[in-house]
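Here is the structure we will look at, set down as structure tokens.
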There are 2 protein chains.
Amino acid sequence: MVNMRLPAVPALAILSPSARIRRTAFSGMVEASGIKAYTSYNHMLLPTVFRGLEEDYTHLRTHVQVWDVACERQVEISGPDAFRLVQMMTPRDLSASADLRCYYVPLVDADGLVINDPIATRLSVDRWWLSIADSDVLLWAKGLAYGLKLDVMIDEPDVSPLAVQGPKADALIARVFSPEVTALKSFRAGWFDFQGRPLLIAKTGWSHQGGYEIYLDDSTLGPALWTALFEAGADLDVGPGCPNLIERIESGLISYGGDATFRHNPYEMGLGKYCHPDRVECIGRDALLKLAAAGPDRMIRGLRIETEKLAPCAGGWPLFAQQDGKQVPAGTVSAAARSPRLGPIGLAMIEKPWLEAGTRLTLATPDGMVPATVCLLPMSE
Amino acid sequence: MVNMRLPAVPALAILSPSARIRRTAFSGMVEASGIKAYTSYNHMLLPTVFRGLEEDYTHLRTHVQVWDVACERQVEISGPDAFRLVQMMTPRDLSASADLRCYYVPLVDADGLVINDPIATRLSVDRWWLSIADSDVLLWAKGLAYGLKLDVMIDEPDVSPLAVQGPKADALIARVFSPEVTALKSFRAGWFDFQGRPLLIAKTGWSHQGGYEIYLDDSTLGPALWTALFEAGADLDVGPGCPNLIERIESGLISYGGDATFRHNPYEMGLGKYCHPDRVECIGRDALLKLAAAGPDRMIRGLRIETEKLAPCAGGWPLFAQQDGKQVPAGTVSAAARSPRLGPIGLAMIEKPWLEAGTRLTLATPDGMVPATVCLLPMSE
């Protein structure tokens with residue numbers, strides 16, 4: 001019987017100032033708003049905590065928040081071969097794509113392994129923005145374009161997404177832009193006026209609480225946009241926020257590079273519904289066809305954790321199952337937090353035999369071994 | 001007359017634990033040794049401060065330090081086309097390269113812009129390790145290999161560099177490995193036994209104080225290697241350390257992503273001596289030939305800053321010159337620190353008219369405008 005006590009990780013590491021971890025168009029406003037913690041994402045600062053993880057969570061589910069997600073850098077692919085390159089990069093079938101629509105697109109390499117999972121917005125058929133997770137898609141796209149001699153321009157434009165998330169997002173966005181914005185359906189985008197300048201706004205965002213992402217394409221206007229949202233939303237209890245660890249675990253929003261990496265395929269990430277290797281001539285097609293036929297050996301699932309204490313988690317907590325009277329490896333937890341609604345929860349890559357909701361496992365933590373139960377995502381009460 | 005006072009950046013931001021910012025083979029030892037601050041580098045933790053920037057600096061120049069630089073991830077390129085791909089990726093002429101030698105190689109894109117500046121170690125002609133700076137060279141190399149249909153394997157192996165740096169590095173490395181290690185010339189490598197396992201050791205390192213980098217190729221041995229070095233070096237005053245901001249500014253060690261980015265070419269970074277586009281068929285050759293002929297419009301230089309206070313610097317401090325009775329932009333500071341020997345110093349990308357050592361400029365800081373003088377790198381007293 002394995003009885004592990006993992007080493008603890010520091011709850012409060014200090015991050016040194018560095019030009020290599022770029023400040024955003026909104027960093028000054030974020031700091032004036034009382035940010036408590038950061039992470040680094042695409043070589044840029046991303047806020048993680050304002051009042052506290054739990055207070056931020058409750059506020060996000062009740063009111064409306066403004067998020068500095070400028071670190072969702074855009075990789076702009078434009079030119080005559082732009083559509084060809086974008087379609088090569090993802091197994092998602094984009095043949096029926098339309099302008100001003102957004103597509104969640106797993107990007108895979110020649111082995112069918114995931115190198116990023118951006119939202120691709122089609123501005124026109126020959127101009128796309130990939131709003132990327134935390135890896136240098138710019139280099140991947142440039143390498144492909146060079147090797148394949150494609151007629152494309154690939155660059156990171158001066159675009160700083162600012163998200164407006166929460167149940168009162170409609171009210172706030174209507175005041176600062178126009179009530180027409182709230183007519184956008186999910187994963188649709190449009191151009192809307194801000195102080196005489198058209199800005200792209202999409203009905204997307206990294207929470208399940210509803211809202212928008214504003215693609216500010218002039219970083220000098222960061223403070224003006226931030227201020228306009230806060231001034232217009234005072235009576236809506238608008239607050240500063242950020243992608244919230246608790247909310248994203250409950251909602252099953254996978255963080256590429258943490259919950260899944262370049263060692264995983266899209267089926268393991270639960271992204272099979274976005275993969276059409278049977279009808280798309282994409283990179284990694286042969287590998288994906290084989291993977292699709294075999295089915296994944298492991299998948300991401302939610303976890304309800306039975307513990308009084310919950311130590312800070314930087315991933316790597318091993319899960320064990322009982323099999324034939326022995327304790328065997330059953331998966332690995334990549335993120336954990338205490339939800340005010342659901343108690344201690346986590347995300348884990350779980351091996352195939354234990355994928356079913358309700359499966360009882362044992363989790364090694366810095367506070368010793370604790371019971372944990374597999375659940376589906378998004379989590380319900 | 002411009003009289004700017006820049007917004008201050010926080011000296012002490014908090015970094016949230018996350019699986020996306022990977023812990024290293026040595027993180028537990030580093031934390032037990034009293035680490036005070038981190039940065040993120042190649043999606044991994046990199047220590048930045050132990051006792052204090054100045055104490056670490058003085059200790060590094062006097063004794064010997066062990067550095068967790070596991071974040072210098074290796075991109076292994078192997079197979080029949082390995083040499084062809086590596087030579088395509090850099091303008092440095094590798095035609096006379098030899099096994100177990102290390103080469104500082106700027107990597108450039110089709111426009112001649114720098115995408116990384118690794119040390120490439122030739123293990124054999126068909127097996128190379130690129131010890132990378134902070135960008136996903138793995139994706140760039142994979143994109144090229146796919147597009148060009150090259151017969152190569154590209155992967156990130158389980159290799160965790162641990163550096164031994166400082167004037168007593170020879171004494172320490174000889175005790176833990178063999179006195180033969182100290183016979184290595186600069187930028188040479190060899191295989192040396194550690195507890196029955198051959199480890200690659202190179203005479204390289206990210207300081208000008210001398211030393212070695214040990215390429216530990218089994219992360220489970222991290223604590224054993226760390227402990228062996230500390231036990232053997234007790235009477236040498238061995239201490240935990242890390243790339244030191246003060247020492248690297250004095251030594252002119254450029255940090256890719258901070259001091260220079262994918263918007264800069266190798267000539268601007270002062271890497272012209274490693275560029276041979278006249279005789280190498282590399283990516284970006286035409287662009288580099290033009291850039292070499294025209295000469296750089298700006299270059300990295302050192303800066304002596306005349307100020308009592310020196311605020312934390314995350315880059316972006318503008319420099320101004322007097323020209324025709326007007327104040328005009330002259331460059332941008334990317335890093336600054338207070339040296340116990342030299343006082344306040346910095347690194348800056350300086351525009352062409354002001355490159356000469358001794359040029360007097362004015363620097364905007366969070367404490368107002370201060371005088372600054374251009375100097376060559378490495379800095380001397």
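Naming works like this for the structure tokens: A, B, ... for the chains as they're shown, residue 1 at the start of each chain, ligands 1 onward in shown order.
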
Env of Met89 of chain A: 8 Å cut, atoms = only C-alpha atoms, seq-sep filter 2 positions within chain, self excluded. Answer as a ChimeraX atom specification. /A:85-87,91,107-109,282-283

Out of segment 205-309 of chain A, which residues get alpha helix (DSSP H) from DSSP, as a ChimeraX atom specification? /A:222-232,245-251,285-294

Would you mind listing what lies within 9 Å of Asp68 of chain A as a PDB file with all heavy atoms, in the first residue's frame, with only C-alpha atoms counted and same-chain residues fewer than 6 positions away left out?
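Below is the file part01.pdb, written as the result:
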```pdb
ATOM      1  N   THR A  24       1.340  44.433 -19.862  1.00  0.00           N
ATOM      2  CA  THR A  24       0.299  44.529 -20.877  1.00  0.00           C
ATOM      3  C   THR A  24      -0.193  45.967 -21.007  1.00  0.00           C
ATOM      4  O   THR A  24       0.217  46.858 -20.261  1.00  0.00           O
ATOM      5  CB  THR A  24      -0.914  43.633 -20.526  1.00  0.00           C
ATOM      6  OG1 THR A  24      -1.757  44.340 -19.599  1.00  0.00           O
ATOM      7  CG2 THR A  24      -0.487  42.316 -19.906  1.00  0.00           C
ATOM      8  N   ALA A  25      -1.119  46.150 -21.926  1.00  0.00           N
ATOM      9  CA  ALA A  25      -1.749  47.460 -22.125  1.00  0.00           C
ATOM     10  C   ALA A  25      -2.530  47.900 -20.894  1.00  0.00           C
ATOM     11  O   ALA A  25      -2.884  49.068 -20.768  1.00  0.00           O
ATOM     12  CB  ALA A  25      -2.679  47.403 -23.333  1.00  0.00           C
ATOM     13  N   PHE A  26      -2.804  46.923 -19.989  1.00  0.00           N
ATOM     14  CA  PHE A  26      -3.666  47.217 -18.840  1.00  0.00           C
ATOM     15  C   PHE A  26      -2.950  47.049 -17.499  1.00  0.00           C
ATOM     16  O   PHE A  26      -3.574  47.214 -16.442  1.00  0.00           O
ATOM     17  CB  PHE A  26      -4.885  46.283 -18.866  1.00  0.00           C
ATOM     18  CG  PHE A  26      -5.557  46.168 -20.211  1.00  0.00           C
ATOM     19  CD1 PHE A  26      -5.436  45.011 -20.970  1.00  0.00           C
ATOM     20  CD2 PHE A  26      -6.291  47.226 -20.727  1.00  0.00           C
ATOM     21  CE1 PHE A  26      -6.041  44.904 -22.216  1.00  0.00           C
ATOM     22  CE2 PHE A  26      -6.900  47.132 -21.972  1.00  0.00           C
ATOM     23  CZ  PHE A  26      -6.772  45.961 -22.727  1.00  0.00           C
ATOM     24  N   SER A  27      -1.659  46.707 -17.494  1.00  0.00           N
ATOM     25  CA  SER A  27      -0.981  46.353 -16.237  1.00  0.00           C
ATOM     26  C   SER A  27      -1.071  47.460 -15.192  1.00  0.00           C
ATOM     27  O   SER A  27      -1.254  47.187 -14.003  1.00  0.00           O
ATOM     28  CB  SER A  27       0.492  46.005 -16.496  1.00  0.00           C
ATOM     29  OG  SER A  27       0.612  44.790 -17.195  1.00  0.00           O
ATOM     30  N   VAL A  30      -4.525  47.358 -13.693  1.00  0.00           N
ATOM     31  CA  VAL A  30      -4.648  46.136 -12.901  1.00  0.00           C
ATOM     32  C   VAL A  30      -3.972  46.324 -11.541  1.00  0.00           C
ATOM     33  O   VAL A  30      -4.508  45.924 -10.500  1.00  0.00           O
ATOM     34  CB  VAL A  30      -3.996  44.983 -13.710  1.00  0.00           C
ATOM     35  CG1 VAL A  30      -3.503  43.877 -12.816  1.00  0.00           C
ATOM     36  CG2 VAL A  30      -4.959  44.463 -14.772  1.00  0.00           C
ATOM     37  N   LEU A  46      -0.204  37.718 -16.610  1.00  0.00           N
ATOM     38  CA  LEU A  46      -1.633  37.404 -16.541  1.00  0.00           C
ATOM     39  C   LEU A  46      -2.039  37.419 -15.074  1.00  0.00           C
ATOM     40  O   LEU A  46      -1.498  36.651 -14.276  1.00  0.00           O
ATOM     41  CB  LEU A  46      -1.912  36.025 -17.152  1.00  0.00           C
ATOM     42  CG  LEU A  46      -3.311  35.444 -16.919  1.00  0.00           C
ATOM     43  CD1 LEU A  46      -4.396  36.314 -17.568  1.00  0.00           C
ATOM     44  CD2 LEU A  46      -3.403  34.012 -17.446  1.00  0.00           C
ATOM     45  N   PRO A  47      -2.975  38.291 -14.684  1.00  0.00           N
ATOM     46  CA  PRO A  47      -3.441  38.297 -13.298  1.00  0.00           C
ATOM     47  C   PRO A  47      -4.101  36.974 -12.926  1.00  0.00           C
ATOM     48  O   PRO A  47      -4.726  36.318 -13.773  1.00  0.00           O
ATOM     49  CB  PRO A  47      -4.476  39.435 -13.279  1.00  0.00           C
ATOM     50  CG  PRO A  47      -4.120  40.311 -14.444  1.00  0.00           C
ATOM     51  CD  PRO A  47      -3.583  39.370 -15.479  1.00  0.00           C
ATOM     52  N   SER A 160      -4.670  43.516 -27.799  1.00  0.00           N
ATOM     53  CA  SER A 160      -4.718  43.192 -26.376  1.00  0.00           C
ATOM     54  C   SER A 160      -6.152  42.851 -25.992  1.00  0.00           C
ATOM     55  O   SER A 160      -6.964  43.743 -25.741  1.00  0.00           O
ATOM     56  CB  SER A 160      -4.258  44.401 -25.550  1.00  0.00           C
ATOM     57  OG  SER A 160      -2.959  44.798 -25.941  1.00  0.00           O
ATOM     58  N   PRO A 161      -6.495  41.565 -25.921  1.00  0.00           N
ATOM     59  CA  PRO A 161      -7.864  41.225 -25.520  1.00  0.00           C
ATOM     60  C   PRO A 161      -8.153  41.640 -24.081  1.00  0.00           C
ATOM     61  O   PRO A 161      -7.310  41.488 -23.187  1.00  0.00           O
ATOM     62  CB  PRO A 161      -7.904  39.702 -25.665  1.00  0.00           C
ATOM     63  CG  PRO A 161      -6.821  39.375 -26.651  1.00  0.00           C
ATOM     64  CD  PRO A 161      -5.740  40.388 -26.376  1.00  0.00           C
ATOM     65  N   LEU A 162      -9.331  42.209 -23.893  1.00  0.00           N
ATOM     66  CA  LEU A 162      -9.851  42.545 -22.567  1.00  0.00           C
ATOM     67  C   LEU A 162     -11.210  41.866 -22.470  1.00  0.00           C
ATOM     68  O   LEU A 162     -12.078  42.101 -23.315  1.00  0.00           O
ATOM     69  CB  LEU A 162      -9.985  44.060 -22.432  1.00  0.00           C
ATOM     70  CG  LEU A 162     -10.352  44.602 -21.042  1.00  0.00           C
ATOM     71  CD1 LEU A 162      -9.204  44.403 -20.056  1.00  0.00           C
ATOM     72  CD2 LEU A 162     -10.701  46.091 -21.122  1.00  0.00           C
ATOM     73  N   ALA A 163     -11.372  40.998 -21.460  1.00  0.00           N
ATOM     74  CA  ALA A 163     -12.617  40.244 -21.351  1.00  0.00           C
ATOM     75  C   ALA A 163     -13.577  40.927 -20.384  1.00  0.00           C
ATOM     76  O   ALA A 163     -13.149  41.534 -19.403  1.00  0.00           O
ATOM     77  CB  ALA A 163     -12.330  38.821 -20.897  1.00  0.00           C
ATOM     78  N   PRO A 240     -12.447  44.228 -10.926  1.00  0.00           N
ATOM     79  CA  PRO A 240     -11.345  43.631 -11.683  1.00  0.00           C
ATOM     80  C   PRO A 240     -11.365  42.123 -11.458  1.00  0.00           C
ATOM     81  O   PRO A 240     -11.691  41.655 -10.369  1.00  0.00           O
ATOM     82  CB  PRO A 240     -10.110  44.263 -11.046  1.00  0.00           C
ATOM     83  CG  PRO A 240     -10.521  44.553  -9.632  1.00  0.00           C
ATOM     84  CD  PRO A 240     -11.990  44.873  -9.685  1.00  0.00           C
ATOM     85  N   GLY A 241     -11.040  41.369 -12.476  1.00  0.00           N
ATOM     86  CA  GLY A 241     -11.035  39.914 -12.341  1.00  0.00           C
ATOM     87  C   GLY A 241     -10.020  39.290 -13.269  1.00  0.00           C
ATOM     88  O   GLY A 241      -9.192  39.982 -13.870  1.00  0.00           O
ATOM     89  N   CYS A 242     -10.101  37.990 -13.385  1.00  0.00           N
ATOM     90  CA  CYS A 242      -9.155  37.225 -14.184  1.00  0.00           C
ATOM     91  C   CYS A 242      -9.696  35.808 -14.294  1.00  0.00           C
ATOM     92  O   CYS A 242     -10.595  35.436 -13.542  1.00  0.00           O
ATOM     93  CB  CYS A 242      -7.770  37.231 -13.534  1.00  0.00           C
ATOM     94  SG  CYS A 242      -7.784  36.872 -11.766  1.00  0.00           S
TER      95      CYS A 242
END
```

Please list as a PyMOL selection string every residue within 6 Å of segment 245-251 of chain A, counting only C-alpha atoms and excluding residues in the same chain fewer than 4 positions away. chain A and resi 337+339+378-379

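Between atom CA of Arg92 of chain A and atom CA of Ala141 of chain A the separation is 16.6 Å.
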
Separating atom CA of Leu216 of chain B from atom CA of Asp237 of chain B, to the nearest tenth of an Å, is a gap of 23.1 Å

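The residue set within 7 Å of segment 122-139 of chain B, counting only C-alpha atoms and dropping same-chain residues fewer than 4 places from it, reads A:Ser135, A:Asp136, A:Leu139, A:Trp140, B:Tyr41, B:Asn42, B:Glu72, B:Arg73, B:Gln74, B:Val75, B:Glu76, B:Ile77, B:Ser78, B:Gly79, B:Pro80, B:Ala82, B:Phe83, B:Ala98, B:Asp99, B:Leu100, B:Arg101, B:Cys102, B:Asn116, B:Asp117, B:Pro118, B:Gly143, B:Asp155, B:Tyr256, B:Gly257.
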
Restricting it to N, CA, C and O atoms, dump the selection as an mmCIF file, in the first residue's frame.
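Result file is out-v5.cif:
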```
data_model
loop_
_atom_site.group_PDB
_atom_site.id
_atom_site.type_symbol
_atom_site.label_atom_id
_atom_site.label_comp_id
_atom_site.auth_asym_id
_atom_site.auth_seq_id
_atom_site.Cartn_x
_atom_site.Cartn_y
_atom_site.Cartn_z
ATOM 1 N N SER A 135 1.802 28.808 -25.807
ATOM 2 C CA SER A 135 2.971 28.279 -26.535
ATOM 3 C C SER A 135 3.142 29.126 -27.787
ATOM 4 O O SER A 135 2.191 29.764 -28.247
ATOM 5 N N ASP A 136 4.369 29.123 -28.339
ATOM 6 C CA ASP A 136 4.705 30.060 -29.413
ATOM 7 C C ASP A 136 4.207 29.568 -30.771
ATOM 8 O O ASP A 136 5.002 29.148 -31.634
ATOM 9 N N LEU A 139 5.920 30.708 -33.963
ATOM 10 C CA LEU A 139 7.075 29.999 -34.510
ATOM 11 C C LEU A 139 6.654 28.757 -35.293
ATOM 12 O O LEU A 139 7.233 28.435 -36.329
ATOM 13 N N TRP A 140 5.655 28.056 -34.775
ATOM 14 C CA TRP A 140 5.128 26.878 -35.478
ATOM 15 C C TRP A 140 4.597 27.295 -36.857
ATOM 16 O O TRP A 140 4.958 26.718 -37.880
ATOM 17 N N TYR B 41 10.551 30.724 -17.343
ATOM 18 C CA TYR B 41 11.462 30.660 -18.492
ATOM 19 C C TYR B 41 11.213 29.321 -19.170
ATOM 20 O O TYR B 41 11.315 28.272 -18.534
ATOM 21 N N ASN B 42 10.869 29.353 -20.434
ATOM 22 C CA ASN B 42 10.504 28.118 -21.133
ATOM 23 C C ASN B 42 9.460 27.322 -20.353
ATOM 24 O O ASN B 42 9.594 26.098 -20.174
ATOM 25 N N GLU B 72 16.744 25.872 -19.083
ATOM 26 C CA GLU B 72 17.450 25.849 -20.377
ATOM 27 C C GLU B 72 17.114 24.498 -21.017
ATOM 28 O O GLU B 72 17.898 23.548 -20.984
ATOM 29 N N ARG B 73 15.903 24.394 -21.550
ATOM 30 C CA ARG B 73 15.443 23.114 -22.099
ATOM 31 C C ARG B 73 16.265 22.749 -23.333
ATOM 32 O O ARG B 73 16.715 23.626 -24.080
ATOM 33 N N GLN B 74 16.450 21.475 -23.541
ATOM 34 C CA GLN B 74 17.141 21.010 -24.727
ATOM 35 C C GLN B 74 16.130 20.689 -25.823
ATOM 36 O O GLN B 74 15.110 20.051 -25.565
ATOM 37 N N VAL B 75 16.415 21.159 -27.030
ATOM 38 C CA VAL B 75 15.693 20.675 -28.199
ATOM 39 C C VAL B 75 16.650 19.724 -28.898
ATOM 40 O O VAL B 75 17.688 20.148 -29.415
ATOM 41 N N GLU B 76 16.323 18.437 -28.834
ATOM 42 C CA GLU B 76 17.202 17.434 -29.452
ATOM 43 C C GLU B 76 16.773 17.234 -30.898
ATOM 44 O O GLU B 76 15.599 16.971 -31.178
ATOM 45 N N ILE B 77 17.728 17.402 -31.791
ATOM 46 C CA ILE B 77 17.483 17.190 -33.216
ATOM 47 C C ILE B 77 18.403 16.060 -33.648
ATOM 48 O O ILE B 77 19.633 16.187 -33.556
ATOM 49 N N SER B 78 17.815 14.951 -34.074
ATOM 50 C CA SER B 78 18.631 13.786 -34.418
ATOM 51 C C SER B 78 18.124 13.154 -35.707
ATOM 52 O O SER B 78 17.004 13.423 -36.141
ATOM 53 N N GLY B 79 18.964 12.342 -36.307
ATOM 54 C CA GLY B 79 18.583 11.656 -37.538
ATOM 55 C C GLY B 79 19.438 12.109 -38.708
ATOM 56 O O GLY B 79 20.266 13.013 -38.589
ATOM 57 N N PRO B 80 19.219 11.481 -39.862
ATOM 58 C CA PRO B 80 20.072 11.730 -41.045
ATOM 59 C C PRO B 80 20.120 13.199 -41.466
ATOM 60 O O PRO B 80 21.152 13.664 -41.962
ATOM 61 N N ALA B 82 19.741 15.826 -39.426
ATOM 62 C CA ALA B 82 19.915 16.697 -38.258
ATOM 63 C C ALA B 82 20.887 17.840 -38.556
ATOM 64 O O ALA B 82 20.594 19.006 -38.280
ATOM 65 N N PHE B 83 22.033 17.512 -39.113
ATOM 66 C CA PHE B 83 23.005 18.577 -39.382
ATOM 67 C C PHE B 83 22.424 19.589 -40.363
ATOM 68 O O PHE B 83 22.562 20.802 -40.181
ATOM 69 N N ALA B 98 32.613 20.070 -34.721
ATOM 70 C CA ALA B 98 33.144 18.779 -34.267
ATOM 71 C C ALA B 98 32.312 18.271 -33.095
ATOM 72 O O ALA B 98 31.637 19.047 -32.411
ATOM 73 N N ASP B 99 32.376 16.974 -32.852
ATOM 74 C CA ASP B 99 31.632 16.381 -31.741
ATOM 75 C C ASP B 99 32.109 16.956 -30.413
ATOM 76 O O ASP B 99 33.279 17.289 -30.236
ATOM 77 N N LEU B 100 31.161 17.056 -29.481
ATOM 78 C CA LEU B 100 31.447 17.512 -28.119
ATOM 79 C C LEU B 100 31.997 18.928 -28.077
ATOM 80 O O LEU B 100 32.790 19.283 -27.204
ATOM 81 N N ARG B 101 31.592 19.723 -29.042
ATOM 82 C CA ARG B 101 31.863 21.158 -28.983
ATOM 83 C C ARG B 101 30.527 21.895 -28.928
ATOM 84 O O ARG B 101 29.514 21.411 -29.425
ATOM 85 N N CYS B 102 30.573 23.078 -28.330
ATOM 86 C CA CYS B 102 29.379 23.883 -28.114
ATOM 87 C C CYS B 102 29.494 25.162 -28.938
ATOM 88 O O CYS B 102 30.572 25.762 -29.002
ATOM 89 N N ASN B 116 15.684 32.934 -31.302
ATOM 90 C CA ASN B 116 16.278 32.366 -30.097
ATOM 91 C C ASN B 116 17.797 32.465 -30.272
ATOM 92 O O ASN B 116 18.282 32.715 -31.368
ATOM 93 N N ASP B 117 18.542 32.310 -29.169
ATOM 94 C CA ASP B 117 20.015 32.313 -29.265
ATOM 95 C C ASP B 117 20.590 31.214 -28.365
ATOM 96 O O ASP B 117 21.225 31.488 -27.362
ATOM 97 N N PRO B 118 20.355 29.946 -28.741
ATOM 98 C CA PRO B 118 20.807 28.834 -27.897
ATOM 99 C C PRO B 118 22.299 28.561 -28.009
ATOM 100 O O PRO B 118 22.985 29.090 -28.888
ATOM 101 N N GLY B 143 8.059 22.701 -37.187
ATOM 102 C CA GLY B 143 7.387 23.294 -38.343
ATOM 103 C C GLY B 143 8.258 23.230 -39.583
ATOM 104 O O GLY B 143 7.802 22.843 -40.668
ATOM 105 N N ASP B 155 12.666 16.486 -30.332
ATOM 106 C CA ASP B 155 11.970 16.271 -29.066
ATOM 107 C C ASP B 155 12.649 17.080 -27.963
ATOM 108 O O ASP B 155 13.771 17.570 -28.124
ATOM 109 N N TYR B 256 17.458 36.919 -24.289
ATOM 110 C CA TYR B 256 16.527 36.946 -25.411
ATOM 111 C C TYR B 256 15.088 37.002 -24.896
ATOM 112 O O TYR B 256 14.716 36.265 -23.998
ATOM 113 N N GLY B 257 14.282 37.854 -25.516
ATOM 114 C CA GLY B 257 12.905 38.044 -25.068
ATOM 115 C C GLY B 257 12.773 39.289 -24.214
ATOM 116 O O GLY B 257 11.681 39.814 -24.050
#
```

State, in Å with one decimal place, the distance from atom CA of Asp259 of chain B to atom CA of Arg23 of chain A. 14.3 Å

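Nearest residue to chain B, choosing from A:Lys309, A:Arg263, A:Arg360, A:His59 and counting only C-alpha atoms: A:Arg263.
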
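The shell of residues at most 12 Å from Ser186 of chain B, with only C-alpha atoms counted and near chain neighbours (fewer than 2 positions) removed, consists of Leu100, Arg101, Cys102, Tyr103, Tyr104, Val181, Thr182, Ala183, Leu184, Arg188, Ala189, Gly190, Ile201, Ala202, Lys203, Thr204, Gly205, His208, Gly210, Gly211, Tyr212 and Glu213 of chain B.
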
Going by DSSP on the backbone, which bits of segment 142-204 of chain B are strand (DSSP E)? Write them as number ranges by chain, please. B: 153-155, 160-165, 189-194, 197-202

Exercise: His264 of chain B partners within 9 Å, only C-alpha atoms, chain neighbours under 3 positions left out, as a PDB file with N, CA and C atoms, in the first residue's frame:
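Here's the written file selection10.pdb:
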```pdb
ATOM      1  N   GLY B 112      15.328  37.324 -41.210  1.00  0.00           N
ATOM      2  CA  GLY B 112      16.593  37.608 -40.528  1.00  0.00           C
ATOM      3  C   GLY B 112      16.401  38.094 -39.105  1.00  0.00           C
ATOM      4  N   LEU B 113      15.226  37.872 -38.540  1.00  0.00           N
ATOM      5  CA  LEU B 113      14.958  38.302 -37.158  1.00  0.00           C
ATOM      6  C   LEU B 113      15.203  37.135 -36.204  1.00  0.00           C
ATOM      7  N   VAL B 114      15.672  37.463 -35.000  1.00  0.00           N
ATOM      8  CA  VAL B 114      16.132  36.431 -34.071  1.00  0.00           C
ATOM      9  C   VAL B 114      14.945  35.759 -33.394  1.00  0.00           C
ATOM     10  N   ILE B 115      14.921  34.437 -33.407  1.00  0.00           N
ATOM     11  CA  ILE B 115      13.839  33.740 -32.699  1.00  0.00           C
ATOM     12  C   ILE B 115      14.365  33.008 -31.454  1.00  0.00           C
ATOM     13  N   ALA B 260      16.393  41.794 -26.272  1.00  0.00           N
ATOM     14  CA  ALA B 260      16.131  41.736 -27.713  1.00  0.00           C
ATOM     15  C   ALA B 260      14.998  40.732 -27.911  1.00  0.00           C
ATOM     16  N   THR B 261      14.227  40.909 -28.967  1.00  0.00           N
ATOM     17  CA  THR B 261      13.036  40.081 -29.191  1.00  0.00           C
ATOM     18  C   THR B 261      12.981  39.648 -30.652  1.00  0.00           C
ATOM     19  N   TYR B 267      22.528  41.424 -35.749  1.00  0.00           N
ATOM     20  CA  TYR B 267      23.514  42.513 -35.739  1.00  0.00           C
ATOM     21  C   TYR B 267      23.167  43.524 -34.641  1.00  0.00           C
ATOM     22  N   GLU B 268      21.881  43.767 -34.457  1.00  0.00           N
ATOM     23  CA  GLU B 268      21.456  44.664 -33.373  1.00  0.00           C
ATOM     24  C   GLU B 268      21.813  44.081 -32.008  1.00  0.00           C
ATOM     25  N   MET B 269      21.820  42.755 -31.918  1.00  0.00           N
ATOM     26  CA  MET B 269      22.166  42.101 -30.654  1.00  0.00           C
ATOM     27  C   MET B 269      23.682  42.007 -30.465  1.00  0.00           C
TER      28      MET B 269
END
```
